[in-house]
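**Student:** CSV, C-alpha atoms, saved as upload_3.csv, coming up:
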```
chain,number,residue,atom,x,y,z
N,1,MET,CA,51.4,212.5,176.4
N,2,ARG,CA,51.4,215.0,179.3
N,3,ILE,CA,52.1,212.1,181.7
N,4,LYS,CA,55.0,210.9,179.6
N,5,LYS,CA,56.5,214.4,179.4
N,6,PHE,CA,56.1,214.8,183.2
N,7,ILE,CA,57.9,211.5,183.8
N,8,ALA,CA,60.7,212.5,181.4
N,9,VAL,CA,61.2,215.8,183.2
N,10,LEU,CA,61.2,214.0,186.6
N,11,ILE,CA,63.9,211.6,185.3
N,12,VAL,CA,66.0,214.6,184.2
N,13,PHE,CA,65.6,216.3,187.6
N,14,SER,CA,66.4,213.0,189.4
N,15,SER,CA,69.5,212.5,187.4
N,16,PHE,CA,70.6,216.1,188.1
N,17,PHE,CA,70.2,215.6,191.9
N,18,VAL,CA,71.9,212.2,191.9
N,19,GLY,CA,74.8,213.8,189.9
N,20,GLN,CA,75.0,216.6,192.5
N,21,ALA,CA,75.0,214.1,195.3
N,22,GLN,CA,77.7,212.0,193.7
N,23,GLN,CA,79.9,215.1,193.4
N,24,LYS,CA,79.7,215.8,197.1
N,25,LYS,CA,82.7,214.7,199.1
N,26,TYR,CA,82.9,214.1,202.8
N,27,ILE,CA,85.5,214.1,205.5
N,28,VAL,CA,85.2,210.9,207.6
N,29,HIS,CA,86.5,210.2,211.0
N,30,THR,CA,86.1,206.9,213.0
N,31,VAL,CA,85.5,207.1,216.7
N,32,ALA,CA,86.0,203.9,218.6
N,33,PHE,CA,85.8,202.3,222.1
N,34,TYR,CA,87.6,199.2,223.2
N,35,ASN,CA,87.9,197.4,226.5
N,36,PHE,CA,91.5,196.3,226.5
N,37,GLU,CA,90.9,193.6,229.1
N,38,ASN,CA,93.6,193.8,231.7
N,39,LEU,CA,96.3,195.8,229.9
N,40,PHE,CA,98.9,195.5,232.7
N,41,ASP,CA,102.6,195.8,232.4
N,42,THR,CA,105.0,193.5,234.3
N,43,ILE,CA,106.2,196.1,236.8
N,44,ASN,CA,105.1,195.8,240.4
N,45,ASN,CA,103.3,199.2,240.9
N,46,PRO,CA,101.6,200.5,244.0
N,47,ASN,CA,98.2,199.1,243.0
N,48,ASN,CA,96.6,195.6,243.1
N,49,ASP,CA,98.6,194.2,240.2
N,50,GLU,CA,100.2,191.2,241.9
N,51,GLU,CA,98.2,188.8,239.7
N,52,TRP,CA,99.8,190.4,236.6
N,53,LEU,CA,103.4,189.9,237.4
N,54,PRO,CA,105.8,187.3,236.2
N,55,ASN,CA,105.4,185.4,239.4
N,56,GLY,CA,101.7,186.1,239.7
N,57,LEU,CA,98.6,183.9,239.0
N,58,GLN,CA,98.6,185.0,235.3
N,59,ASN,CA,102.3,184.3,234.9
N,60,TRP,CA,102.4,187.6,233.0
N,61,THR,CA,105.8,187.7,231.3
N,62,SER,CA,107.4,190.4,229.2
N,63,LYS,CA,106.8,188.2,226.1
N,64,LYS,CA,103.1,187.9,226.8
N,65,TYR,CA,102.8,191.7,227.5
N,66,HIS,CA,104.4,192.6,224.2
N,67,GLN,CA,102.2,190.1,222.4
N,68,LYS,CA,99.2,191.6,224.0
N,69,LEU,CA,100.3,195.1,222.8
N,70,GLN,CA,100.7,193.8,219.2
N,71,ASN,CA,97.3,192.2,219.3
N,72,LEU,CA,95.6,195.3,220.5
N,73,ALA,CA,97.5,197.5,218.0
N,74,ARG,CA,96.4,195.3,215.2
N,75,VAL,CA,92.7,195.6,216.1
N,76,LEU,CA,92.9,199.4,216.8
N,77,SER,CA,94.7,200.0,213.5
N,78,GLU,CA,91.9,198.3,211.6
N,79,ILE,CA,88.7,199.4,213.3
N,80,GLY,CA,86.3,201.0,210.8
N,81,THR,CA,88.6,200.6,207.8
N,82,GLY,CA,85.7,199.2,205.8
N,83,GLU,CA,84.5,202.8,205.2
N,84,ASN,CA,87.5,204.8,206.3
N,85,ALA,CA,91.1,203.9,205.4
N,86,ASN,CA,92.4,205.9,208.4
N,87,SER,CA,92.6,204.2,211.8
N,88,PRO,CA,90.2,205.7,214.4
N,89,THR,CA,90.8,209.4,215.1
N,90,LEU,CA,89.5,209.0,218.7
N,91,ILE,CA,89.8,205.8,220.7
N,92,GLY,CA,88.3,205.4,224.2
N,93,GLY,CA,89.8,202.6,226.2
N,94,SER,CA,89.2,200.9,229.5
N,95,GLU,CA,91.0,198.3,231.8
N,96,ILE,CA,94.2,200.2,231.5
N,97,GLU,CA,96.8,200.0,234.3
N,98,ASN,CA,98.6,203.3,233.8
N,99,ARG,CA,99.8,205.8,231.3
N,100,GLY,CA,102.9,203.7,230.6
N,101,VAL,CA,101.1,200.9,229.0
N,102,LEU,CA,99.4,203.4,226.7
N,103,GLU,CA,102.8,204.9,225.7
N,104,ASP,CA,104.0,201.4,224.9
N,105,LEU,CA,100.8,200.7,222.9
N,106,ILE,CA,101.0,203.8,220.7
N,107,LYS,CA,104.6,203.0,219.8
N,108,GLU,CA,103.6,199.7,218.3
N,109,PRO,CA,104.5,199.5,214.5
N,110,LYS,CA,100.9,199.4,213.5
N,111,LEU,CA,100.0,202.5,215.4
N,112,ILE,CA,103.1,204.7,215.5
N,113,ASN,CA,102.5,206.4,212.2
N,114,SER,CA,99.1,207.5,213.4
N,115,ASP,CA,100.8,209.7,216.0
N,116,TYR,CA,98.4,209.3,218.9
N,117,GLY,CA,98.3,211.5,221.9
N,118,ILE,CA,97.0,210.4,225.3
N,119,VAL,CA,94.6,211.8,227.8
N,120,HIS,CA,94.7,209.7,231.0
N,121,PHE,CA,94.2,210.0,234.7
N,122,ASP,CA,94.7,207.5,237.5
N,123,SER,CA,91.4,206.5,239.0
N,124,PRO,CA,90.6,205.3,242.5
N,125,ASP,CA,89.5,201.9,241.2
N,126,LYS,CA,90.8,199.2,243.6
N,127,ARG,CA,92.1,197.0,240.8
N,128,GLY,CA,94.1,200.0,239.6
N,129,ILE,CA,92.4,200.1,236.1
N,130,ASP,CA,91.5,203.3,234.4
N,131,VAL,CA,89.9,204.8,231.3
N,132,ALA,CA,91.7,206.9,228.7
N,133,LEU,CA,91.3,208.6,225.3
N,134,LEU,CA,93.8,208.3,222.5
N,135,TYR,CA,93.6,210.9,219.7
N,136,GLN,CA,95.3,211.5,216.4
N,137,LYS,CA,97.2,214.8,216.9
N,138,LYS,CA,96.9,215.9,213.3
N,139,HIS,CA,93.1,215.8,213.5
N,140,PHE,CA,92.1,216.4,217.2
N,141,LYS,CA,93.4,219.2,219.5
N,142,PRO,CA,92.3,218.8,223.2
N,143,THR,CA,91.4,222.1,224.7
N,144,SER,CA,90.4,220.8,228.2
N,145,PHE,CA,90.1,217.5,230.0
N,146,ILE,CA,89.0,216.5,233.5
N,147,ASN,CA,88.4,213.3,235.5
N,148,ILE,CA,85.0,213.4,237.2
N,149,PRO,CA,84.7,211.1,240.3
N,150,LEU,CA,81.8,208.7,240.3
N,151,LEU,CA,80.6,208.8,243.9
N,152,ILE,CA,78.6,205.7,244.9
N,153,TYR,CA,78.2,203.9,248.2
N,154,LYS,CA,77.4,200.5,249.5
N,155,HIS,CA,74.0,201.5,251.0
N,156,GLN,CA,72.8,202.4,247.5
N,157,THR,CA,72.7,198.7,246.5
N,158,ASN,CA,69.4,197.0,245.8
N,159,GLU,CA,69.1,195.0,249.0
N,160,LYS,CA,65.9,193.3,247.8
N,161,ALA,CA,68.2,191.3,245.4
N,162,LYS,CA,70.6,190.1,248.0
N,163,ASN,CA,69.8,186.5,247.3
N,164,GLU,CA,70.6,186.9,243.6
N,165,LYS,CA,73.0,184.5,242.0
N,166,GLU,CA,76.6,185.9,242.0
N,167,GLU,CA,78.0,187.1,238.7
N,168,VAL,CA,81.4,185.6,237.9
N,169,THR,CA,83.8,188.5,237.1
N,170,ASP,CA,87.4,189.5,237.9
N,171,ASP,CA,86.1,193.1,238.2
N,172,LYS,CA,85.0,192.8,241.8
N,173,ILE,CA,83.3,195.7,243.5
N,174,GLU,CA,85.3,196.5,246.7
N,175,ILE,CA,83.9,198.5,249.5
N,176,THR,CA,86.1,200.3,252.0
N,177,GLN,CA,85.4,201.3,255.6
N,178,ASP,CA,84.0,204.7,254.5
N,179,ASP,CA,81.2,202.8,252.7
N,180,ARG,CA,82.3,204.1,249.3
N,181,VAL,CA,82.5,201.9,246.3
N,182,TYR,CA,85.7,203.0,244.5
N,183,THR,CA,85.4,202.7,240.8
N,184,ARG,CA,86.5,204.3,237.6
N,185,ASP,CA,86.2,208.1,237.1
N,186,ILE,CA,84.4,209.5,234.1
N,187,LEU,CA,86.8,211.1,231.7
N,188,LEU,CA,85.6,214.3,229.9
N,189,VAL,CA,87.7,215.6,227.0
N,190,THR,CA,86.8,218.7,225.0
N,191,GLY,CA,88.7,219.4,221.8
N,192,LEU,CA,88.7,220.5,218.2
N,193,LEU,CA,88.1,217.8,215.6
N,194,ASP,CA,89.4,219.4,212.4
N,195,GLY,CA,88.2,222.7,213.8
N,196,ASP,CA,84.8,221.5,215.1
N,197,GLU,CA,84.4,221.4,218.9
N,198,VAL,CA,83.5,217.9,220.2
N,199,ASN,CA,83.0,216.8,223.8
N,200,VAL,CA,83.9,213.1,224.6
N,201,LEU,CA,83.0,211.2,227.8
N,202,VAL,CA,84.8,207.9,228.4
N,203,ASN,CA,83.2,205.5,230.9
N,204,HIS,CA,83.7,202.2,232.5
N,205,TRP,CA,80.7,201.7,234.8
N,206,PRO,CA,80.7,199.5,237.9
N,207,SER,CA,80.6,195.8,237.2
N,208,ARG,CA,77.8,193.3,238.0
N,209,SER,CA,79.8,191.8,240.9
N,210,GLY,CA,77.3,190.7,243.5
N,211,GLY,CA,74.6,190.2,240.9
N,212,GLU,CA,73.1,192.3,238.1
N,213,LYS,CA,70.0,193.5,240.1
N,214,LYS,CA,71.8,194.1,243.4
N,215,SER,CA,74.5,196.2,241.7
N,216,SER,CA,72.2,198.0,239.2
N,217,PRO,CA,71.8,201.2,241.3
N,218,PHE,CA,75.5,201.8,240.9
N,219,ARG,CA,75.3,201.9,237.2
N,220,GLU,CA,72.1,203.9,237.3
N,221,ILE,CA,74.0,206.5,239.3
N,222,ALA,CA,76.7,206.4,236.6
N,223,GLY,CA,74.0,206.9,233.9
N,224,LYS,CA,72.5,209.9,235.7
N,225,MET,CA,76.0,211.4,236.1
N,226,ASN,CA,76.5,211.2,232.4
N,227,GLY,CA,73.2,213.0,231.9
N,228,LYS,CA,74.2,215.7,234.4
N,229,ILE,CA,77.6,216.2,232.7
N,230,MET,CA,75.8,216.6,229.3
N,231,ASP,CA,73.4,219.1,230.8
N,232,SER,CA,76.3,221.1,232.2
N,233,ILE,CA,77.9,221.2,228.8
N,234,TYR,CA,74.7,222.4,227.2
N,235,LYS,CA,74.4,225.2,229.7
N,236,VAL,CA,77.7,226.6,228.4
N,237,ASN,CA,77.0,225.8,224.7
N,238,PRO,CA,73.4,224.8,223.7
N,239,ASN,CA,74.9,223.6,220.3
N,240,ALA,CA,77.6,221.4,221.9
N,241,LYS,CA,78.4,218.1,220.2
N,242,ILE,CA,78.7,215.3,222.8
N,243,ILE,CA,79.8,211.7,222.5
N,244,SER,CA,79.4,209.3,225.5
N,245,MET,CA,81.2,206.0,225.1
N,246,GLY,CA,82.3,203.1,227.3
N,247,ASP,CA,81.9,199.7,228.7
N,248,LEU,CA,78.7,200.3,230.6
N,249,ASN,CA,78.3,196.8,232.1
N,250,ASP,CA,74.7,197.2,231.1
N,251,GLY,CA,72.7,196.6,228.0
N,252,THR,CA,71.1,199.2,225.8
N,253,TYR,CA,67.7,198.4,227.4
N,254,ASN,CA,68.8,198.8,231.0
N,255,LYS,CA,67.5,201.6,233.3
N,256,SER,CA,71.0,203.1,233.6
N,257,VAL,CA,71.0,203.8,229.8
N,258,LYS,CA,67.3,204.4,229.1
N,259,GLU,CA,66.5,206.5,232.1
N,260,GLY,CA,69.9,207.6,233.5
N,261,VAL,CA,71.4,208.8,230.2
N,262,GLY,CA,68.0,209.1,228.5
N,263,ALA,CA,69.1,207.4,225.3
N,264,LYS,CA,66.6,206.8,222.6
N,265,LEU,CA,66.2,204.0,220.1
N,266,LYS,CA,65.2,206.0,217.1
N,267,LYS,CA,66.5,209.3,215.8
N,268,GLU,CA,63.0,210.8,215.5
N,269,GLU,CA,62.5,210.2,219.3
N,270,VAL,CA,65.4,212.4,220.2
N,271,LYS,CA,64.5,215.9,221.3
N,272,PRO,CA,66.8,218.9,221.6
N,273,PHE,CA,69.5,218.2,224.3
N,274,GLY,CA,68.6,214.5,224.0
N,275,VAL,CA,70.7,211.4,223.2
N,276,TYR,CA,70.6,208.8,220.4
N,277,ASN,CA,72.0,205.3,221.0
N,278,PRO,CA,72.6,203.5,217.6
N,279,PHE,CA,73.5,200.3,219.5
N,280,GLU,CA,70.0,199.7,220.8
N,281,GLN,CA,68.8,198.6,217.4
N,282,MET,CA,71.9,196.5,216.9
N,283,ALA,CA,71.1,194.7,220.2
N,284,LYS,CA,67.5,194.1,219.0
N,285,ASP,CA,68.9,192.7,215.8
N,286,GLY,CA,70.9,190.1,217.8
N,287,ASN,CA,74.4,191.6,217.7
N,288,SER,CA,76.8,191.4,220.6
N,289,SER,CA,80.0,193.0,221.8
N,290,LEU,CA,80.5,190.3,224.5
N,291,PHE,CA,79.1,187.0,225.7
N,292,TYR,CA,78.3,185.7,229.2
N,293,ARG,CA,76.6,182.5,230.2
N,294,ASP,CA,76.0,181.6,226.6
N,295,ALA,CA,74.1,184.9,225.9
N,296,GLY,CA,75.4,187.8,223.9
N,297,ASP,CA,74.8,191.5,224.8
N,298,ILE,CA,76.1,194.9,223.9
N,299,PHE,CA,77.7,196.5,227.0
N,300,ASP,CA,80.1,198.6,224.9
N,301,GLN,CA,78.2,201.5,223.5
N,302,ILE,CA,78.7,204.9,221.9
N,303,MET,CA,75.9,207.4,222.2
N,304,VAL,CA,75.6,210.8,220.5
N,305,SER,CA,73.8,214.1,221.3
N,306,GLU,CA,70.9,215.4,219.2
N,307,THR,CA,73.3,217.9,217.7
N,308,LEU,CA,75.2,215.1,216.0
N,309,ILE,CA,72.2,213.6,214.2
N,310,GLN,CA,71.0,216.8,212.5
N,311,LYS,CA,71.0,216.7,208.7
N,312,ASP,CA,73.2,219.7,208.1
N,313,TYR,CA,76.6,218.3,207.2
N,314,SER,CA,78.4,221.6,207.2
N,315,SER,CA,79.9,220.4,210.5
N,316,PHE,CA,80.5,216.9,211.8
N,317,ARG,CA,77.5,214.6,212.2
N,318,TYR,CA,76.9,211.0,213.1
N,319,TRP,CA,76.7,208.7,210.1
N,320,LYS,CA,76.6,205.1,211.2
N,321,ALA,CA,77.9,202.6,213.8
N,322,GLY,CA,79.3,199.1,214.0
N,323,ILE,CA,80.9,196.3,216.1
N,324,TRP,CA,84.4,195.3,214.9
N,325,ASN,CA,84.4,191.5,215.2
N,326,LYS,CA,86.7,190.2,212.5
N,327,PRO,CA,87.5,186.4,212.3
N,328,PHE,CA,91.0,186.7,213.7
N,329,MET,CA,89.5,188.2,216.9
N,330,ILE,CA,87.0,185.3,217.4
N,331,GLU,CA,87.5,182.0,219.2
N,332,LYS,CA,87.1,179.3,216.6
N,333,PHE,CA,87.0,176.0,218.7
N,334,GLY,CA,85.6,174.5,221.8
N,335,LYS,CA,83.0,175.6,224.3
N,336,TYR,CA,83.6,179.3,223.6
N,337,ALA,CA,83.6,179.2,219.8
N,338,GLY,CA,82.2,182.5,218.5
N,339,TYR,CA,83.2,184.4,221.6
N,340,PRO,CA,85.9,187.1,221.6
N,341,LEU,CA,89.4,185.5,221.6
N,342,ARG,CA,90.4,186.7,225.1
N,343,HIS,CA,93.4,186.2,227.4
N,344,SER,CA,94.3,182.8,228.8
N,345,ILE,CA,97.3,181.5,230.8
N,346,SER,CA,98.9,180.2,227.6
N,347,GLU,CA,97.7,182.9,225.1
N,348,PRO,CA,97.5,186.7,225.6
N,349,GLY,CA,94.6,186.9,223.1
N,350,PHE,CA,92.8,190.2,222.3
N,351,SER,CA,90.0,191.0,224.7
N,352,ASP,CA,86.8,189.5,226.1
N,353,HIS,CA,85.0,192.4,224.3
N,354,PHE,CA,84.7,193.4,220.7
N,355,PRO,CA,85.3,197.1,220.0
N,356,VAL,CA,82.5,199.4,218.9
N,357,TYR,CA,82.7,202.4,216.6
N,358,ILE,CA,80.9,205.2,214.9
N,359,TYR,CA,81.7,207.4,211.9
N,360,LEU,CA,81.4,211.1,211.9
N,361,ILE,CA,81.2,212.8,208.5
N,362,LYS,CA,81.3,216.4,207.3
N,363,GLU,CA,80.9,217.8,203.8
N,364,SER,CA,84.2,219.0,202.5
N,365,LYS,CA,84.5,222.4,200.9
```
Would you mind writing the file's structure down as structure tokens?

**Tutor:**
Amino acid sequence: MRIKKFIAVLIVFSSFFVGQAQQKKYIVHTVAFYNFENLFDTINNPNNDEEWLPNGLQNWTSKKYHQKLQNLARVLSEIGTGENANSPTLIGGSEIENRGVLEDLIKEPKLINSDYGIVHFDSPDKRGIDVALLYQKKHFKPTSFINIPLLIYKHQTNEKAKNEKEEVTDDKIEITQDDRVYTRDILLVTGLLDGDEVNVLVNHWPSRSGGEKKSSPFREIAGKMNGKIMDSIYKVNPNAKIISMGDLNDGTYNKSVKEGVGAKLKKEEVKPFGVYNPFEQMAKDGNSSLFYRDAGDIFDQIMVSETLIQKDYSSFRYWKAGIWNKPFMIEKFGKYAGYPLRHSISEPGFSDHFPVYIYLIKESK
């Protein structure tokens, strides 16, 4: 009898706590990253954009450009809508020619009502492509932003891998007479997300041009720079919330991510001032954000600071992550069936990457 009474009491208490949990409501924000893959306009600007002109190799016409904008807008408006009806509050982007293409993008019918603001700087990348952050003005208020140069040099390559097979990519690493490898800056934006301070790093690390192993030191430097930036933020505010996102041109298992950034696979492994990478487990489970040589990988990642995985939801915390790869974004036929539906000479497509996203949640009062 005592056991039966105990079980009955336990059921009552369990029902009470379940009821309490059901009554709790949360504010949800989606944070996304997307490589826009060669988002160029049709204007001849003072950068290496000759390929992306009406008379260039890509035969890049105004019609194709506007179709590309429509395609990107459709994807961006839908990312994360499985759990959050609102389009992403924060969107990191890469392979962006200039601010003008972003201004055109946010005016697209599927995005205009979201009222996105733009944080963008021109970077020294030789292809003239940059990173940027789009943000919904009603939810996010930037308080500071800066572009941080990524200083890397030719002599820092892994010369032992000089006979490595060349990686085929249009994102060639170009080296000038001063030995510097000019690549994308790291964008750091600090702002208030519905009143909570959040720091966002947007990255597009050096490509694997010349070979993965030979170029690996460049990305390792980028990873270490991310770690240094995070450390500097923590020195100002030990409780800072930090998100680092981007196309890293490396997998979750590479040295640049595991040692440079110090990202961990499991939440319980993350120590104070540490970093959690939810995409590492996704990669282990066989998920991909891009494909190369018939193999999938996750180069597009969003990592979060230890302060975002704490269990107190009185302020924004990380909830879960995903890769947005809906059927309309996927090549259905031929050799590349299952790959992202990317640009071709005849079809603007979407991108050669799938976007990635996380949810931030906060208990509403």

**Student:** Between N:Gly93, N:Phe218, N:Ile106, N:Lys126, which one has atoms that come closest to Leu187 of chain N, using only C-alpha atoms?

**Tutor:**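 Comparing N:Gly93, N:Phe218, N:Ile106, N:Lys126 against Leu187 of chain N, the winner is N:Gly93.
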
**Student:** Which residues of segment 70-147 of chain N have any atom within 10 Å of an atom in segment 41-49 of chain N when counting all atoms listed in the file, and what is the closest pair of atoms for each, with the distance in Å to one decimal? Order the rows by chain and rising number and write it as a tab-separated table.

**Tutor:**
```
residue	atom	partner	partner_atom	distance
N:Ile96	CA	N:Asp41	CA	9.5
N:Glu97	CA	N:Asp41	CA	7.4
N:Asn98	CA	N:Asp41	CA	8.6
N:Gly100	CA	N:Asp41	CA	8.1
N:Val101	CA	N:Asp41	CA	6.3
N:Asp104	CA	N:Asp41	CA	9.5
N:Pro124	CA	N:Asn47	CA	9.8
N:Asp125	CA	N:Asn47	CA	9.3
N:Lys126	CA	N:Asn48	CA	6.8
N:Arg127	CA	N:Asn48	CA	5.2
N:Gly128	CA	N:Asn47	CA	5.4
N:Ile129	CA	N:Asn47	CA	9.1
```

**Student:** Can you measure atom CA of Met282 of chain N to atom CA of Leu360 of chain N for me? One decimal in Å is fine.

**Tutor:** 18.1 Å

**Student:** So that I can check the surroundings of segment 352-358 of chain N, please list as JSON, numbers by chain every protein, DNA and RNA residue that reaches within 8 Å of it, counting all atoms listed in the file and ignoring chain neighbours fewer than 3 positions away.

**Tutor:** {"N": [30, 31, 32, 33, 34, 35, 36, 37, 79, 80, 289, 290, 300, 301, 302, 318, 319, 320, 321, 322, 323, 324, 325, 339, 340, 341, 342, 343]}

**Student:** Can you tell me which residues surround Lys110 of chain N at a distance of at most 10 Å, considering all atoms listed in the file, apart from same-chain residues fewer than 3 positions away, and format the answer as a list in words?

**Tutor:**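 My list of contacting residues is Gln70, Asn71, Leu72, Ala73, Arg74, Val75, Leu76, Ser77, Glu78, Ser87, Leu105, Ile106, Lys107, Asn113 and Ser114 of chain N.
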
**Student:** Store the residues picked out above in a file with C-alpha atoms, as an mmCIF file, in the coordinates of the input.

**Tutor:**
```
data_model
loop_
_atom_site.group_PDB
_atom_site.id
_atom_site.type_symbol
_atom_site.label_atom_id
_atom_site.label_comp_id
_atom_site.auth_asym_id
_atom_site.auth_seq_id
_atom_site.Cartn_x
_atom_site.Cartn_y
_atom_site.Cartn_z
ATOM 1 C CA GLN N 70 100.700 193.800 219.200
ATOM 2 C CA ASN N 71 97.300 192.200 219.300
ATOM 3 C CA LEU N 72 95.600 195.300 220.500
ATOM 4 C CA ALA N 73 97.500 197.500 218.000
ATOM 5 C CA ARG N 74 96.400 195.300 215.200
ATOM 6 C CA VAL N 75 92.700 195.600 216.100
ATOM 7 C CA LEU N 76 92.900 199.400 216.800
ATOM 8 C CA SER N 77 94.700 200.000 213.500
ATOM 9 C CA GLU N 78 91.900 198.300 211.600
ATOM 10 C CA SER N 87 92.600 204.200 211.800
ATOM 11 C CA LEU N 105 100.800 200.700 222.900
ATOM 12 C CA ILE N 106 101.000 203.800 220.700
ATOM 13 C CA LYS N 107 104.600 203.000 219.800
ATOM 14 C CA ASN N 113 102.500 206.400 212.200
ATOM 15 C CA SER N 114 99.100 207.500 213.400
#
```

**Student:** Calculated over all atoms listed in the file, which of the candidates N:Glu83, N:Ile298, N:Lys311, N:His155 has the smallest distance to Glu363 of chain N?

**Tutor:**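 Among the listed residues, N:Lys311 lies closest to Glu363 of chain N.
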
**Student:** Provide the atom CA of Lys235 of chain N to atom CA of Phe273 of chain N distance in Å, to one decimal place.

**Tutor:**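 It comes out at 10.1 Å.
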
**Student:** Given the choices N:Tyr359, N:Val198, N:Leu133, N:Pro142, which gets closest to Ile233 of chain N if the distance is worked out from only C-alpha atoms?

**Tutor:** N:Val198

**Student:** At a cut-off of 12 Å, using all atoms listed in the file, what residues contact Thr61 of chain N? Leave out same-chain residues fewer than 3 positions from it and give the result as a VMD selection string.

**Tutor:** chain N and resid 40 to 43 51 to 58 64 to 68 345 to 348

**Student:** Compare N:Gly211, N:Gly92, N:Gly338, N:Gly117 by their minimum atom-to-atom distance to Ser244 of chain N, counting only C-alpha atoms, and give me the closest one.

**Tutor:**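 Ranking N:Gly211, N:Gly92, N:Gly338, N:Gly117 by distance to Ser244 of chain N, first place goes to N:Gly92.
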
**Student:** Can you tell me which residues surround Glu197 of chain N at a distance of at most 8 Å, considering only C-alpha atoms, apart from same-chain residues fewer than 3 positions away, and format the answer as JSON, numbers by chain?

**Tutor:** {"N": [190, 191, 192, 193, 240, 241]}

**Student:** When you count only C-alpha atoms, which of these residues is closest to Ile148 of chain N: N:Asn203, N:Gly195, N:Glu103, N:His29?

**Tutor:**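 Closest candidate: N:Asn203.
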
**Student:** Using atom CA of Phe145 of chain N and atom CA of Ile112 of chain N as the two end points, give the distance in Å to one decimal.

**Tutor:**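 Interatomic distance, atom CA of Phe145 of chain N to atom CA of Ile112 of chain N: 23.3 Å.
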
**Student:** I want to know what sits within 9 Å of Tyr116 of chain N, based on all atoms listed in the file, with residues of the same chain fewer than 6 positions away left out; could you give that as a ChimeraX atom specification?

**Tutor:** /N:89-90,106-107,134-138

**Student:** Between N:Ala283, N:Leu201, N:Ala337, N:Ile242, which residue has the minimum interatomic distance to Val304 of chain N, considering all atoms listed in the file?

**Tutor:**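 Result for the nearest residue to Val304 of chain N: N:Ile242.
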
**Student:** Can you patch up segment 78-82 of chain N, filling it in to all heavy atoms, and show the result as a PDB file, in the coordinates of the input?

**Tutor:**
```pdb
ATOM      1  N   GLU N  78      92.828 198.716 212.594  1.00  0.00           N
ATOM      2  CA  GLU N  78      91.900 198.300 211.600  1.00  0.00           C
ATOM      3  C   GLU N  78      90.455 198.685 211.788  1.00  0.00           C
ATOM      4  O   GLU N  78      89.637 198.613 210.865  1.00  0.00           O
ATOM      5  CB  GLU N  78      91.977 196.751 211.423  1.00  0.00           C
ATOM      6  CG  GLU N  78      93.330 196.243 210.959  1.00  0.00           C
ATOM      7  CD  GLU N  78      93.368 194.730 210.806  1.00  0.00           C
ATOM      8  OE1 GLU N  78      92.292 194.097 210.893  1.00  0.00           O
ATOM      9  OE2 GLU N  78      94.458 194.173 210.607  1.00  0.00           O
ATOM     10  N   ILE N  79      90.104 199.110 212.995  1.00  0.00           N
ATOM     11  CA  ILE N  79      88.700 199.400 213.300  1.00  0.00           C
ATOM     12  C   ILE N  79      88.144 200.447 212.310  1.00  0.00           C
ATOM     13  O   ILE N  79      88.716 201.515 212.124  1.00  0.00           O
ATOM     14  CB  ILE N  79      88.533 199.960 214.734  1.00  0.00           C
ATOM     15  CG1 ILE N  79      88.898 198.890 215.760  1.00  0.00           C
ATOM     16  CG2 ILE N  79      87.090 200.430 214.974  1.00  0.00           C
ATOM     17  CD1 ILE N  79      88.918 199.409 217.184  1.00  0.00           C
ATOM     18  N   GLY N  80      87.033 200.105 211.697  1.00  0.00           N
ATOM     19  CA  GLY N  80      86.300 201.000 210.800  1.00  0.00           C
ATOM     20  C   GLY N  80      86.928 201.198 209.433  1.00  0.00           C
ATOM     21  O   GLY N  80      86.449 202.026 208.653  1.00  0.00           O
ATOM     22  N   THR N  81      87.951 200.408 209.098  1.00  0.00           N
ATOM     23  CA  THR N  81      88.600 200.600 207.800  1.00  0.00           C
ATOM     24  C   THR N  81      87.759 200.140 206.620  1.00  0.00           C
ATOM     25  O   THR N  81      88.164 200.308 205.477  1.00  0.00           O
ATOM     26  CB  THR N  81      89.982 199.898 207.771  1.00  0.00           C
ATOM     27  OG1 THR N  81      89.839 198.545 208.222  1.00  0.00           O
ATOM     28  CG2 THR N  81      90.986 200.616 208.662  1.00  0.00           C
ATOM     29  N   GLY N  82      86.599 199.577 206.893  1.00  0.00           N
ATOM     30  CA  GLY N  82      85.700 199.200 205.800  1.00  0.00           C
ATOM     31  C   GLY N  82      85.180 200.460 205.066  1.00  0.00           C
ATOM     32  O   GLY N  82      84.942 200.422 203.864  1.00  0.00           O
TER      33      GLY N  82
END
```
